[in-house]
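See structure below.
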There are 4 protein chains.
Amino acid sequence: MAEVAVLGAVGYAGAIAAQLLHRHPAFELTHVTARAESGQRLDDVHPRTRVPLELEVFDIARHAVDAAVVAYPHGAAAPVVEELRAAGTRVVDLSADFRLRDRAIYDDWYGEHKAPAIFGQGVYGLPELTREAVRGADLVANPGCYPTAALLALAPLARAGVVGDVIIDAKSGVSGAGRAPTHATHFISANENVSPYKITGHRHTPEIEQELGVPVTFTPHLVPVSHGELVSCYVRTAGDVDARALFREAYADEPWVEVVEGPPGMSEVRETNFCRISVHEDPLRLIVFATIDNLYKGTSSQAVQNLNLMFGLDESLGLPA
Amino acid sequence: MAEVAVLGAVGYAGAIAAQLLHRHPAFELTHVTARAESGQRLDDVHPRTRVPLELEVFDIARHAVDAAVVAYPHGAAAPVVEELRAAGTRVVDLSADFRLRDRAIYDDWYGEHKAPAIFGQGVYGLPELTREAVRGADLVANPGCYPTAALLALAPLARAGVVGDVIIDAKSGVSGAGRAPTHATHFISANENVSPYKITGHRHTPEIEQELGVPVTFTPHLVPVSHGELVSCYVRTAGDVDARALFREAYADEPWVEVVEGPPGMSEVRETNFCRISVHEDPLRLIVFATIDNLYKGTSSQAVQNLNLMFGLDESLGLPA
Amino acid sequence: MAEVAVLGAVGYAGAIAAQLLHRHPAFELTHVTARAESGQRLDDVHPRTRVPLELEVFDIARHAVDAAVVAYPHGAAAPVVEELRAAGTRVVDLSADFRLRDRAIYDDWYGEHKAPAIFGQGVYGLPELTREAVRGADLVANPGCYPTAALLALAPLARAGVVGDVIIDAKSGVSGAGRAPTHATHFISANENVSPYKITGHRHTPEIEQELGVPVTFTPHLVPVSHGELVSCYVRTAGDVDARALFREAYADEPWVEVVEGPPGMSEVRETNFCRISVHEDPLRLIVFATIDNLYKGTSSQAVQNLNLMFGLDESLGLPA
Amino acid sequence: MAEVAVLGAVGYAGAIAAQLLHRHPAFELTHVTARAESGQRLDDVHPRTRVPLELEVFDIARHAVDAAVVAYPHGAAAPVVEELRAAGTRVVDLSADFRLRDRAIYDDWYGEHKAPAIFGQGVYGLPELTREAVRGADLVANPGCYPTAALLALAPLARAGVVGDVIIDAKSGVSGAGRAPTHATHFISANENVSPYKITGHRHTPEIEQELGVPVTFTPHLVPVSHGELVSCYVRTAGDVDARALFREAYADEPWVEVVEGPPGMSEVRETNFCRISVHEDPLRLIVFATIDNLYKGTSSQAVQNLNLMFGLDESLGLPA
């Protein structure tokens, strides 16, 4: 059984990755790391994980096991990924450090890349769209949560020919802002509130544009739910497109994408690896909704889905339904 | 002191209208009506109103006081408004029955109008845009909550020349769905959920188009807050427009419209008559956010604002800040 | 593989029972029933279950399979359970119809029993306390959610000798009130609110008193969470009791009871079969907290735990962790 | 018009005190202070206050106006209050620094008192119980939020003779934990959760015991609402007490205490100065519920109520209803 470590296991994404891998039938979770909380057990910090492992400070000598999920902040991930790759460990990186292919765009949005020698070597790991590349890959860049939802919502149309640009009005639960306590994530700020943020400047914009191939207006909003994400996409296509048929066909064989008639709600995919999509024809344009759990299909369960592919396993093994 | 009645006072809108008028320095709330709850006191049904009046069954002989706020469902309002007008009572009608000017459009969206003799006689009461018409009017059609936010967000641009159509991605708290218990308004359905609804078919669409003069794609979403509404508007304008200056100028003298730099959050206007707006320039288009409390500026406090104007009072009298 | 049906599968409890049994490795869920929703698929009514079975009207000729979970209202369950037992189907009944042993008490709290011939034949199915009786039972009365938490919180002390009576201040998420839309379960009523209900008159009182053997003051409160339940118990015991040791010992071998140092939070057991307990010594008395998910350990996953025992399976098979 | 300053105006309590005083008909809010946020306007930090004053660093030379509301943390308040008193400024102190009368108990719970020369000089300002003492006082110790609710719930019984001790099971919204972002106040921690905290060790215990005169078991719980507080009190009294009559009589002339039949819900008093109480007779004991808004009657509007009394004004002037 392949041994796997989760690096940065006390953030929400790392904790859920650890929880899923701890219960996974084909991986053995052997290490969880965290600096400030080292010495504590993960299930003390995050009871729901029920992972009784002690958190350790990262040490390449001990943690270069068969595979690692790296749940570090952007920028901090790159050098650790480089170390792990040098040691032969296969990596799914949850940060943005290996998602972008254009170095200038990366540096512009995230600052200078910290492991330029391996920049661009990550395979973009959105299995429904890039499955073949993920199989056998050694370094997978796990997509951002918004790009996951947006690309699943728009890829079939992109292939059919999007005319002009796309508007993505996105709504995300508060866990998307991370575990660090801030004024924005304080219960009193987020509760009974909805507010747009990072207008015209969210870092997922270039990632979506790279994968989609057209410019986008991307506007995220914070909504008072714990997890969940919904993208409402407004798009025009060339000529006569039977959009619903297009989506049904595109995802007919995908176990984790559900194309439904009525608009999907966030709660329908909570704590699962599912993406739920509906397509609607307005007199003026197409509207596509896609909803995922930002911490599952948007991050951690998708990381496991990628790991399954990388190790030649059944892609759905251990994924939460 | 003018005597005023609230008809349909147990719905959320009616209850808040009653609460505001009960405390109003220049109106005396003399009657509150409701059929099923008649005999109960309003503050038993809605403790927060602290209106100790007994709910009565509507009776034109007793309730044709100086003014009435009619908080009936669409369709049910029209005949009652007709009775009240015939008796000389000035009316602010919260329903859609007197908002639209095109009878065919009304009938198409709401069914056959129930008081055709006075169809079209309502003055559209969005004071910041139609103040002069409201002054002295006898029948004011109080705008829908979404149109209130959308029109305040878009009117300055409409005057400057909107190119093409407009996309309005709207988010509303659950009180917008009314007080009747339904599966959609059940706590378990709405909590930890965000879901689009009435895609391409919400009745506020023709109202917005009528007042704005351009076609719109209007997509409402239900969000888990009690009250509050946010519209995110995507629009292109002709030529070089200094959008921020346009808004600052348009609303410079408006006490209830706040043009702010950063994007506004719903909670900033909760239980007030304020509308808070910000304007942002994306490389592809303008983005305008406007937030109101759907039950206050979106309905009941705007009704009081209209009443103030109709009676020649200080427009801001008794409005919650 | 034993065939199992869930009767009344569109209520929250029935839906979750169906979801768990549909994925259970040793049961085959063959039927789900519901009157009003018959013809629809369960995953249309409750997408999260992802149970693609069509809802049927109950028919003893078809639904007397190996086992049934009956998720009917109190009173309505008894006659159906009688039919199923007569047909040889083993039953876990989620209602209160077979929990009480004193017919007069039952009739007093619930009205006349509808299947008096088999009154009292249910085994009270709280595995941690009544495991041996459940093994091999044909009719198990699944405990109420509050009694589950309260009894797990108090049983070790009851054995050690409770002095006088017990105060149980209980808090429950809104799903405990059922799926029927009511004013109390409307989002606007429950959100941003905490309110006591059924003071001195909640039907779980006699059930707790029966199993505990002492009188209780039981005070439930509605809290704005979707699921979850917490009981705060105030109790005095005779003589010197090392309460923490008592609890650690009592539940040392129980996989689904976690005795922890700090007070537990509802979210730590959400959507699992766990009960999490802490014990604290106040100068005046002992305080015991227990938290469960009211729909899982409090209802549906406990029903599966009981089914596992009844069929001689590993007790934990298919239980959500 | 008396000039008043709010010291520590960016915490929740200070901000609401400033909001109320800014709109107060008989006080002029002239200064708001805060160290870290000095230079910003209060309505930038807290838009809902709509107080356009600039936040200043506290300076006794400028801020010793007629009256001050001090919204500093425990310990930090005492020396500032001493300065203000020396300068002749009348003070309502929101901290615990002048609530306790026994120096040893203060030091035990809060650490050594920082202004021992004036320790014990505060009048405990719960108007319904200590009104006469507050009138004309120069230094009022505003009660804690839990003591406010608990004392209003228990004072009538205490006078009638409580037998033994009292159990207070309290539930508070998250704002009670203050504005500083912490893991406990992170939306993800508090949302969909209820958890007890500070079992047997909450600092409001000695305050309640001092004013009530009997020992209490006080157990606070954090609930996922923004503001609101409910205490559920369990108590035995000597002899035959008509508890409801007792309460109705005790509060017959109190404008801000509502004695109601059914149990009160937090939302019924949200953002008001009301306390809402109900009394119930269980076979084993009395149960009294009291609910307040922890930031209004529990803190800031009560501070204004006290200021009104201190300045000989109508006690209810400017209080939110």
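Please note that chains go A, B, ... in the order of the structure tokens, that every chain numbers its residues from 1, and that ligands are numbered from 1 in the order shown.
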Per residue of chain D within 6 Å of chain A, which atom pair is closest and at what distance in Å (one decimal), using only C-alpha atoms, listed by chain and increasing number, as CSV?
```
residue,atom,partner,partner_atom,distance
D:Pro181,CA,A:Pro181,CA,5.0
D:Thr182,CA,A:Pro181,CA,5.2
D:His183,CA,A:Pro181,CA,5.8
D:Thr185,CA,A:His186,CA,5.7
D:His186,CA,A:His186,CA,4.6
D:Phe187,CA,A:Phe187,CA,4.0
D:Ile188,CA,A:Ser226,CA,5.6
D:Ser226,CA,A:Ile188,CA,5.6
```
Can you spit out the residues from that selection as a PDB file, in the first residue's frame, using N, CA and C atoms?
```pdb
ATOM      1  N   PRO D 181     -10.502  38.644  16.013  1.00  0.00           N
ATOM      2  CA  PRO D 181     -10.645  37.374  15.297  1.00  0.00           C
ATOM      3  C   PRO D 181      -9.891  36.264  16.028  1.00  0.00           C
ATOM      4  N   THR D 182     -10.569  35.195  16.341  1.00  0.00           N
ATOM      5  CA  THR D 182      -9.951  34.039  17.004  1.00  0.00           C
ATOM      6  C   THR D 182     -10.477  32.778  16.331  1.00  0.00           C
ATOM      7  N   HIS D 183      -9.854  31.649  16.682  1.00  0.00           N
ATOM      8  CA  HIS D 183     -10.382  30.404  16.134  1.00  0.00           C
ATOM      9  C   HIS D 183     -11.821  30.184  16.586  1.00  0.00           C
ATOM     10  N   THR D 185     -14.136  32.360  17.177  1.00  0.00           N
ATOM     11  CA  THR D 185     -15.119  33.244  16.534  1.00  0.00           C
ATOM     12  C   THR D 185     -15.053  33.162  15.008  1.00  0.00           C
ATOM     13  N   HIS D 186     -14.177  32.324  14.481  1.00  0.00           N
ATOM     14  CA  HIS D 186     -14.138  32.100  13.031  1.00  0.00           C
ATOM     15  C   HIS D 186     -15.497  31.546  12.601  1.00  0.00           C
ATOM     16  N   PHE D 187     -15.970  32.041  11.496  1.00  0.00           N
ATOM     17  CA  PHE D 187     -17.276  31.582  11.018  1.00  0.00           C
ATOM     18  C   PHE D 187     -17.358  30.059  10.975  1.00  0.00           C
ATOM     19  N   ILE D 188     -16.302  29.428  10.506  1.00  0.00           N
ATOM     20  CA  ILE D 188     -16.334  27.975  10.342  1.00  0.00           C
ATOM     21  C   ILE D 188     -16.414  27.260  11.692  1.00  0.00           C
ATOM     22  N   SER D 226     -25.672  36.147  15.634  1.00  0.00           N
ATOM     23  CA  SER D 226     -24.778  37.293  15.741  1.00  0.00           C
ATOM     24  C   SER D 226     -24.925  37.976  17.089  1.00  0.00           C
TER      25      SER D 226
END
```
Determine which residues of range 205-250 of chain B receive a DSSP assignment of helix (DSSP H, G or I), computed from the backbone, and state them as JSON, numbers by chain. {"B": [205, 206, 207, 208, 209, 210, 211, 212, 243, 244, 245, 246, 247, 248, 249, 250]}
Residue selection dump (all heavy atoms) as a compact mmCIF listing (two decimals), in the first residue's frame:
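Contents of again_22.txt, freshly written:
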```
# COMPACT_ATOMS: atom_id res chain seq x y z
N THR B 205 -38.36 40.93 -13.90
CA THR B 205 -37.68 41.22 -15.16
C THR B 205 -38.39 42.30 -15.97
O THR B 205 -37.78 43.32 -16.35
CB THR B 205 -37.50 39.94 -15.99
OG1 THR B 205 -36.90 38.93 -15.17
CG2 THR B 205 -36.64 40.18 -17.22
N PRO B 206 -39.69 42.13 -16.27
CA PRO B 206 -40.34 43.19 -17.09
C PRO B 206 -40.37 44.53 -16.36
O PRO B 206 -40.33 45.58 -17.01
CB PRO B 206 -41.75 42.64 -17.30
CG PRO B 206 -41.95 41.62 -16.23
CD PRO B 206 -40.60 41.03 -15.97
N GLU B 207 -40.44 44.50 -15.04
CA GLU B 207 -40.46 45.77 -14.30
C GLU B 207 -39.13 46.50 -14.44
O GLU B 207 -39.09 47.72 -14.69
CB GLU B 207 -40.75 45.47 -12.83
CG GLU B 207 -40.87 46.70 -11.96
CD GLU B 207 -41.18 46.34 -10.51
OE1 GLU B 207 -41.72 45.25 -10.24
OE2 GLU B 207 -40.83 47.16 -9.62
N ILE B 208 -38.05 45.77 -14.34
CA ILE B 208 -36.74 46.40 -14.52
C ILE B 208 -36.59 46.91 -15.95
O ILE B 208 -36.13 48.03 -16.19
CB ILE B 208 -35.61 45.41 -14.17
CG1 ILE B 208 -35.71 44.98 -12.70
CG2 ILE B 208 -34.24 46.03 -14.46
CD1 ILE B 208 -34.78 43.83 -12.33
N GLU B 209 -36.98 46.09 -16.91
CA GLU B 209 -36.84 46.49 -18.31
C GLU B 209 -37.67 47.72 -18.62
O GLU B 209 -37.24 48.59 -19.38
CB GLU B 209 -37.21 45.32 -19.23
CG GLU B 209 -36.18 44.18 -19.13
CD GLU B 209 -36.48 42.99 -20.04
OE1 GLU B 209 -37.67 42.79 -20.38
OE2 GLU B 209 -35.53 42.27 -20.41
N GLN B 210 -38.88 47.80 -18.07
CA GLN B 210 -39.73 48.97 -18.29
C GLN B 210 -39.06 50.25 -17.81
O GLN B 210 -39.01 51.26 -18.52
CB GLN B 210 -41.06 48.78 -17.56
CG GLN B 210 -41.90 50.06 -17.47
CD GLN B 210 -43.16 49.85 -16.64
OE1 GLN B 210 -44.09 49.18 -17.06
NE2 GLN B 210 -43.19 50.42 -15.42
N GLU B 211 -38.50 50.17 -16.61
CA GLU B 211 -37.95 51.39 -16.02
C GLU B 211 -36.55 51.71 -16.57
O GLU B 211 -36.14 52.87 -16.60
CB GLU B 211 -37.89 51.28 -14.50
CG GLU B 211 -39.26 51.12 -13.84
CD GLU B 211 -40.15 52.34 -14.06
OE1 GLU B 211 -39.66 53.48 -13.89
OE2 GLU B 211 -41.35 52.16 -14.41
N LEU B 212 -35.84 50.67 -16.99
CA LEU B 212 -34.47 50.88 -17.44
C LEU B 212 -34.40 51.18 -18.93
O LEU B 212 -33.53 51.91 -19.38
CB LEU B 212 -33.65 49.62 -17.11
CG LEU B 212 -32.15 49.77 -17.08
CD1 LEU B 212 -31.73 50.75 -15.98
CD2 LEU B 212 -31.49 48.41 -16.86
N ALA B 243 -17.25 56.40 -14.57
CA ALA B 243 -18.43 55.83 -13.92
C ALA B 243 -18.55 56.26 -12.47
O ALA B 243 -19.63 56.58 -11.98
CB ALA B 243 -18.39 54.31 -14.04
N ARG B 244 -17.42 56.27 -11.77
CA ARG B 244 -17.52 56.64 -10.36
C ARG B 244 -18.01 58.07 -10.18
O ARG B 244 -18.86 58.35 -9.33
CB ARG B 244 -16.17 56.46 -9.67
CG ARG B 244 -15.77 55.00 -9.62
CD ARG B 244 -14.58 54.78 -8.73
NE ARG B 244 -14.15 53.39 -8.87
CZ ARG B 244 -13.53 52.72 -7.94
NH1 ARG B 244 -13.23 53.30 -6.80
NH2 ARG B 244 -13.19 51.45 -8.13
N ALA B 245 -17.48 58.93 -11.02
CA ALA B 245 -17.91 60.32 -10.94
C ALA B 245 -19.39 60.44 -11.25
O ALA B 245 -20.14 61.19 -10.60
CB ALA B 245 -17.09 61.17 -11.91
N LEU B 246 -19.82 59.66 -12.22
CA LEU B 246 -21.22 59.65 -12.61
C LEU B 246 -22.12 59.30 -11.43
O LEU B 246 -23.14 59.96 -11.18
CB LEU B 246 -21.38 58.59 -13.71
CG LEU B 246 -22.58 58.65 -14.62
CD1 LEU B 246 -22.50 59.86 -15.54
CD2 LEU B 246 -22.64 57.36 -15.45
N PHE B 247 -21.73 58.29 -10.70
CA PHE B 247 -22.55 57.86 -9.56
C PHE B 247 -22.48 58.86 -8.41
O PHE B 247 -23.48 59.16 -7.77
CB PHE B 247 -22.12 56.46 -9.10
CG PHE B 247 -22.79 55.37 -9.89
CD1 PHE B 247 -22.32 55.03 -11.14
CD2 PHE B 247 -23.91 54.72 -9.40
CE1 PHE B 247 -22.94 54.03 -11.89
CE2 PHE B 247 -24.54 53.72 -10.13
CZ PHE B 247 -24.05 53.37 -11.38
N ARG B 248 -21.28 59.34 -8.15
CA ARG B 248 -21.15 60.30 -7.05
C ARG B 248 -22.02 61.52 -7.32
O ARG B 248 -22.67 62.05 -6.43
CB ARG B 248 -19.69 60.69 -6.83
CG ARG B 248 -18.81 59.55 -6.38
CD ARG B 248 -17.77 59.98 -5.34
NE ARG B 248 -17.04 58.82 -4.84
CZ ARG B 248 -17.35 58.17 -3.72
NH1 ARG B 248 -18.34 58.58 -2.96
NH2 ARG B 248 -16.66 57.12 -3.34
N GLU B 249 -22.01 61.92 -8.57
CA GLU B 249 -22.81 63.09 -8.91
C GLU B 249 -24.31 62.79 -8.86
O GLU B 249 -25.10 63.56 -8.31
CB GLU B 249 -22.41 63.55 -10.33
CG GLU B 249 -22.95 64.89 -10.72
CD GLU B 249 -22.48 65.27 -12.13
OE1 GLU B 249 -21.48 64.65 -12.60
OE2 GLU B 249 -23.12 66.15 -12.74
N ALA B 250 -24.67 61.64 -9.40
CA ALA B 250 -26.10 61.30 -9.46
C ALA B 250 -26.73 61.27 -8.08
O ALA B 250 -27.88 61.64 -7.90
CB ALA B 250 -26.28 59.95 -10.17
```
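Comparing the minimum interatomic distances between Pro320 in chain B and each of B:Ala5, B:Val91, B:Val269, B:Leu286, counting only C-alpha atoms, we find that B:Val269 sits nearest.
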Tell me which protein, DNA and RNA residues are within 9 Å of Ile118 in chain D, counting only C-alpha atoms, leaving out same-chain ones fewer than 6 positions away, and put them as a PyMOL selection string. chain D and resi 78+82+98
Straight-line distance linking CA of Ala252 in chain C with CA of Glu128 in chain C, stated in Å to one decimal: 11.0 Å
